[in-house]
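One structure is given below, encoded as structure tokens.
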Amino acid sequence: MPSDPPQPIDRRAFVKSAVAIGGASALSACLDMEANADSSSEPEFPHGPEDLASLPERQHAWNEFLVTDANGDTVLPRHQVLLSLSYTGSVPPTNDERETVESAFSTVERAFERGTGGEAGATFNDGLLFMFGYAPAYFARFDASLPDDIDLPTPTAVLDELDEPTDRADDADALLTLNSDYGSIPLAVEEALFGDRGALNGIEMEAGIGDVFSVVDRRTGVVGRGLPAEKIDHDAIDDDAPLSMGYKSGYQDTNPAEDRVTVREGPFAGGTTQLSSRLGIDLDAWYDLDADARVTQMFSTAHTTEEVGETGENLGGRSGVTEEMAEDLEGEADDHGRLGHAQKTARARDDDFDPQILRRSEGVGTSPDHDAGMNFNSIQRGMESFIEARKAMDDLGGADAHHSGIVDFLDVERRATYLIPPRSLRALPGPRPDRE
């Protein structure tokens, strides 16, 4: 494996550009850049286990394999690639197609360790974290109804309930989410699954999935200290900011336990649902606010710039949002003229004041129509949990005019919904006429 993660700014900028471009040439250049300085060969990364049964059945079980910072917060990998796919295989899928898809994903798991490999105290992610999910449109191809215990409305239905433009619904059949601290890893996996790459980190690639899926959209993003300022051409972004709006996300008290977002019963027990959004951000308007106003609107009327710090680092491992801060928001709006995003979304927590949606892969990117773009992906037991949280972001109709959280700085470009099955069912779930 490489002796050290890439550190120089020019190297990091090059890798981000290569990931965004994609393709075999970008992968080759990225591998050269990430190779050991004293070697002309491709970098070697830790392999996954020979016995794949040792891996969690939950595709979304990432926490154990994420870097944990000094405050105890999990840290998402720096590089993100999202591949929206159209299903082009048989209707219904054949056993051979299922075996091909499973063989491909199993090879990926053997080629790269899962994230940090579960190494306690790891400061860098030398492996890959990925999920593969299926949209309601995929199941509709087979006239297959999802079980009643799976809360997975179509993206159009979600947009309609949120009073957002329904023409922004994605119509993909599946989504592959790839994340790593090394840009070459998701690029290599993409090429191995859909291109002509015959080996993956030294492991022979027995099958790809290009015969049953075609890529219809590709999105990339970066997250982590200093990366948004390099990626986005906007002078107001702090050089150390982990996201384009300045502050870190994913505090211990704002992310639920993985059990809380896992389907408990039925044929897809051990799975989850994924909401994938592409957002545009109006950074000009956001940074027109002074620092005090940005802190209030990101966190709460009780937070101060001194308490939060430049990028949220002073808060440590907890956001500091309490039940009391989420009460009488109309009165708080009248008193302060502003409300905080975290303060408002806290109303969507459960009866124990625990959050119900888990951030799972987010990335900042460029957008042709906005100052910046963002890929936001959350997982939750059912989509109603996301809908509740999103509605909690909205302005309060009963309050006097005020500045409200961050919702007015965000524009939804695309939304999609997916079922993330457990690993044992990830290869083309649906009707199996050969077993009837």
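Chain labels A, B, ... are given in the sequence in which chains occur in the structure tokens; within each chain residues are numbered consecutively from 1, and ligands are likewise numbered from 1 in the order shown.
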Would you give me, as a tab-separated table, each residue of stretch 201-256 of chain A having an atom within 12 Å of an atom of stretch 64-77 of chain A, along with its shortest atom pair and that distance in Å to one decimal, using only C-alpha atoms and sorting by chain and residue number?
residue	atom	partner	partner_atom	distance
A:Gly221	CA	A:Pro77	CA	10.4
A:Val222	CA	A:Pro77	CA	8.3
A:Val223	CA	A:Pro77	CA	7.2
A:Gly224	CA	A:Pro77	CA	7.8
A:Arg225	CA	A:Val75	CA	10.5
A:Leu227	CA	A:Pro77	CA	11.7
A:Pro242	CA	A:Val75	CA	10.4
A:Leu243	CA	A:Leu76	CA	11.7
A:Lys248	CA	A:Val75	CA	9.9
A:Ser249	CA	A:Val75	CA	9.4
A:Gly250	CA	A:Asp73	CA	7.0
A:Tyr251	CA	A:Asp73	CA	5.9
A:Gln252	CA	A:Asp73	CA	5.8
A:Asp253	CA	A:Asp73	CA	9.5
A:Thr254	CA	A:Asp73	CA	10.3
A:Asn255	CA	A:Asp73	CA	9.5
A:Pro256	CA	A:Thr74	CA	11.7
* Identify, on the basis of only C-alpha atoms, every residue whose closest approach to stretch 280-282 of chain A does not exceed 9 Å; exclude the query and any residue fewer than 6 positions from it along the same chain; express the result as a ChimeraX atom specification. => /A:244-245,366-367,369-374,408-413
* Tell me which protein, DNA and RNA residues are within 12 Å of A:Ala53, counting only C-alpha atoms, leaving out same-chain ones fewer than 2 positions away, and put them as an MDAnalysis selection string. => chainID A and resid 48:51 55:58 106 109:110 423:424
Keeping only C-alpha atoms, write the selected residues to a file as a CSV table (one decimal), in the first residue's frame.
chain,number,residue,atom,x,y,z
A,48,GLY,CA,-10.4,-7.6,1.7
A,49,PRO,CA,-10.9,-10.9,3.5
A,50,GLU,CA,-10.8,-14.2,1.8
A,51,ASP,CA,-13.9,-15.3,3.8
A,55,LEU,CA,-18.2,-9.0,6.6
A,56,PRO,CA,-21.4,-7.5,8.0
A,57,GLU,CA,-24.6,-8.5,6.3
A,58,ARG,CA,-25.7,-4.9,6.2
A,106,SER,CA,-17.6,-10.2,-4.2
A,109,GLU,CA,-14.8,-6.9,-1.6
A,110,ARG,CA,-11.8,-9.2,-1.9
A,423,ARG,CA,-25.5,-8.2,1.1
A,424,SER,CA,-27.1,-11.6,0.5
* To do: Report the residues of stretch 103-251 of chain A whose backbone DSSP state falls under alpha helix (DSSP H), written as a ChimeraX atom specification.
  => /A:103-111,136-140,155-161,184-194,227-231
* A:Arg114 environment, 6 Å, only C-alpha atoms, sequence neighbours closer than 6 positions dropped, as an MDAnalysis selection string -> chainID A and resid 127:129
All heavy atoms of the current selection, written as a PDB file, in the first residue's frame:
ATOM      1  N   GLY A 127      -9.126   1.722   2.168  1.00  0.00           N
ATOM      2  CA  GLY A 127      -9.966   0.801   1.413  1.00  0.00           C
ATOM      3  C   GLY A 127     -11.148   1.489   0.773  1.00  0.00           C
ATOM      4  O   GLY A 127     -11.106   2.682   0.437  1.00  0.00           O
ATOM      5  N   LEU A 128     -12.215   0.732   0.610  1.00  0.00           N
ATOM      6  CA  LEU A 128     -13.412   1.183  -0.095  1.00  0.00           C
ATOM      7  C   LEU A 128     -14.644   0.913   0.755  1.00  0.00           C
ATOM      8  O   LEU A 128     -14.762  -0.134   1.392  1.00  0.00           O
ATOM      9  CB  LEU A 128     -13.542   0.418  -1.423  1.00  0.00           C
ATOM     10  CG  LEU A 128     -14.832   0.633  -2.221  1.00  0.00           C
ATOM     11  CD1 LEU A 128     -14.805   2.001  -2.906  1.00  0.00           C
ATOM     12  CD2 LEU A 128     -15.008  -0.475  -3.259  1.00  0.00           C
ATOM     13  N   LEU A 129     -15.568   1.854   0.739  1.00  0.00           N
ATOM     14  CA  LEU A 129     -16.899   1.663   1.309  1.00  0.00           C
ATOM     15  C   LEU A 129     -17.901   1.888   0.184  1.00  0.00           C
ATOM     16  O   LEU A 129     -17.838   2.908  -0.508  1.00  0.00           O
ATOM     17  CB  LEU A 129     -17.156   2.634   2.455  1.00  0.00           C
ATOM     18  CG  LEU A 129     -16.366   2.330   3.735  1.00  0.00           C
ATOM     19  CD1 LEU A 129     -16.304   3.533   4.646  1.00  0.00           C
ATOM     20  CD2 LEU A 129     -16.977   1.135   4.470  1.00  0.00           C
TER      21      LEU A 129
END
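Taking only C-alpha atoms into account, A:His47 lies nearest to A:Gly202 out of the set A:Ala389, A:Asp196, A:Gly202, A:Gly121.
Of the listed residues (A:Ala157, A:Glu102, A:Gly340, A:Leu275), A:Gly340 comes nearest to A:Asp292; the distances count only C-alpha atoms.
Among the residues of stretch 47-196 of chain A, backbone DSSP assigns strand (DSSP E) to Val67, Thr68, Thr74, Val75, His79, Gln80, Val81, Leu82, Leu83, Ser84, Leu85, Ser86, Tyr87, Leu129, Phe130, Met131, Phe132, Gly133, Tyr134, Ala174, Leu175, Leu176, Thr177, Leu178, Asn179 and Ser180 of chain A.
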Produce a file of the selected residues containing C-alpha atoms, as a PDB file, in the first residue's frame.
ATOM      1  CA  VAL A  67     -12.029   6.918  10.599  1.00  0.00           C
ATOM      2  CA  THR A  68     -12.987   8.333  13.994  1.00  0.00           C
ATOM      3  CA  THR A  74     -16.975   9.299  12.375  1.00  0.00           C
ATOM      4  CA  VAL A  75     -15.321  10.898   9.337  1.00  0.00           C
ATOM      5  CA  HIS A  79     -13.712  11.025  -2.467  1.00  0.00           C
ATOM      6  CA  GLN A  80     -17.197  10.092  -3.637  1.00  0.00           C
ATOM      7  CA  VAL A  81     -18.426   8.646  -6.930  1.00  0.00           C
ATOM      8  CA  LEU A  82     -22.146   8.067  -7.512  1.00  0.00           C
ATOM      9  CA  LEU A  83     -23.204   6.027 -10.543  1.00  0.00           C
ATOM     10  CA  SER A  84     -26.879   6.094 -11.513  1.00  0.00           C
ATOM     11  CA  LEU A  85     -27.729   3.003 -13.529  1.00  0.00           C
ATOM     12  CA  SER A  86     -30.387   1.715 -15.900  1.00  0.00           C
ATOM     13  CA  TYR A  87     -31.214  -1.994 -15.803  1.00  0.00           C
ATOM     14  CA  LEU A 129     -16.899   1.663   1.309  1.00  0.00           C
ATOM     15  CA  PHE A 130     -19.752   1.069  -1.109  1.00  0.00           C
ATOM     16  CA  MET A 131     -23.484   0.407  -1.281  1.00  0.00           C
ATOM     17  CA  PHE A 132     -25.699  -0.797  -4.096  1.00  0.00           C
ATOM     18  CA  GLY A 133     -29.368   0.140  -4.064  1.00  0.00           C
ATOM     19  CA  TYR A 134     -32.465  -0.363  -6.198  1.00  0.00           C
ATOM     20  CA  ALA A 174     -30.118   1.557  -9.310  1.00  0.00           C
ATOM     21  CA  LEU A 175     -27.380   3.553  -7.615  1.00  0.00           C
ATOM     22  CA  LEU A 176     -23.801   2.527  -6.848  1.00  0.00           C
ATOM     23  CA  THR A 177     -22.217   4.625  -4.089  1.00  0.00           C
ATOM     24  CA  LEU A 178     -18.395   4.455  -3.943  1.00  0.00           C
ATOM     25  CA  ASN A 179     -16.291   6.158  -1.251  1.00  0.00           C
ATOM     26  CA  SER A 180     -12.603   6.173  -0.392  1.00  0.00           C
TER      27      SER A 180
END
* Within 12 Å of A:Asp96, counting only C-alpha atoms, which residues qualify if same-chain residues fewer than 3 places away don't, as a PyMOL selection string? -> chain A and resi 89-90+92-93+99-103+207+209+211-212+427-428+432+434
* Asked: Contacts of A:Ala342 at 12 Å or less, counting only C-alpha atoms, minus same-chain residues fewer than 2 places along, as number ranges by chain?
  -> A: 247, 249-251, 253-255, 295-303, 318-323, 325-326, 339-340, 344-349, 355, 389-390, 392-394, 404-407
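Between atom CA of A:Met205 and atom CA of A:Phe112 lies a distance of 12.5 Å.
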* Which of A:Ala241, A:Val91, A:Val364, A:Leu289 sits closest to A:Gly312 [using only C-alpha atoms] -> A:Ala241
* **Within 7 Å of A:Asp149 using only C-alpha atoms, minus same-chain residues under 2 positions, as a PyMOL selection string** => chain A and resi 147+151+266
Take the residues just selected and output them with N, CA, C and O atoms as a PDB file, in the first residue's frame.
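The resulting file, part_4.pdb, is reproduced below:
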ATOM      1  N   PRO A 147     -42.462  -5.294  -0.137  1.00  0.00           N
ATOM      2  CA  PRO A 147     -43.206  -5.654   1.073  1.00  0.00           C
ATOM      3  C   PRO A 147     -43.775  -4.416   1.751  1.00  0.00           C
ATOM      4  O   PRO A 147     -43.216  -3.315   1.651  1.00  0.00           O
ATOM      5  N   ASP A 151     -40.804   1.188   3.439  1.00  0.00           N
ATOM      6  CA  ASP A 151     -41.328   2.528   3.161  1.00  0.00           C
ATOM      7  C   ASP A 151     -40.433   3.186   2.111  1.00  0.00           C
ATOM      8  O   ASP A 151     -39.457   3.855   2.445  1.00  0.00           O
ATOM      9  N   GLY A 266     -39.133  -8.734   7.764  1.00  0.00           N
ATOM     10  CA  GLY A 266     -39.478  -8.983   6.376  1.00  0.00           C
ATOM     11  C   GLY A 266     -38.304  -9.505   5.576  1.00  0.00           C
ATOM     12  O   GLY A 266     -37.197  -9.712   6.099  1.00  0.00           O
TER      13      GLY A 266
END
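Residue nearest A:Arg415, chosen from A:Ala269, A:Ala199, A:Leu193, A:Ala135 and counting only C-alpha atoms: A:Ala135.
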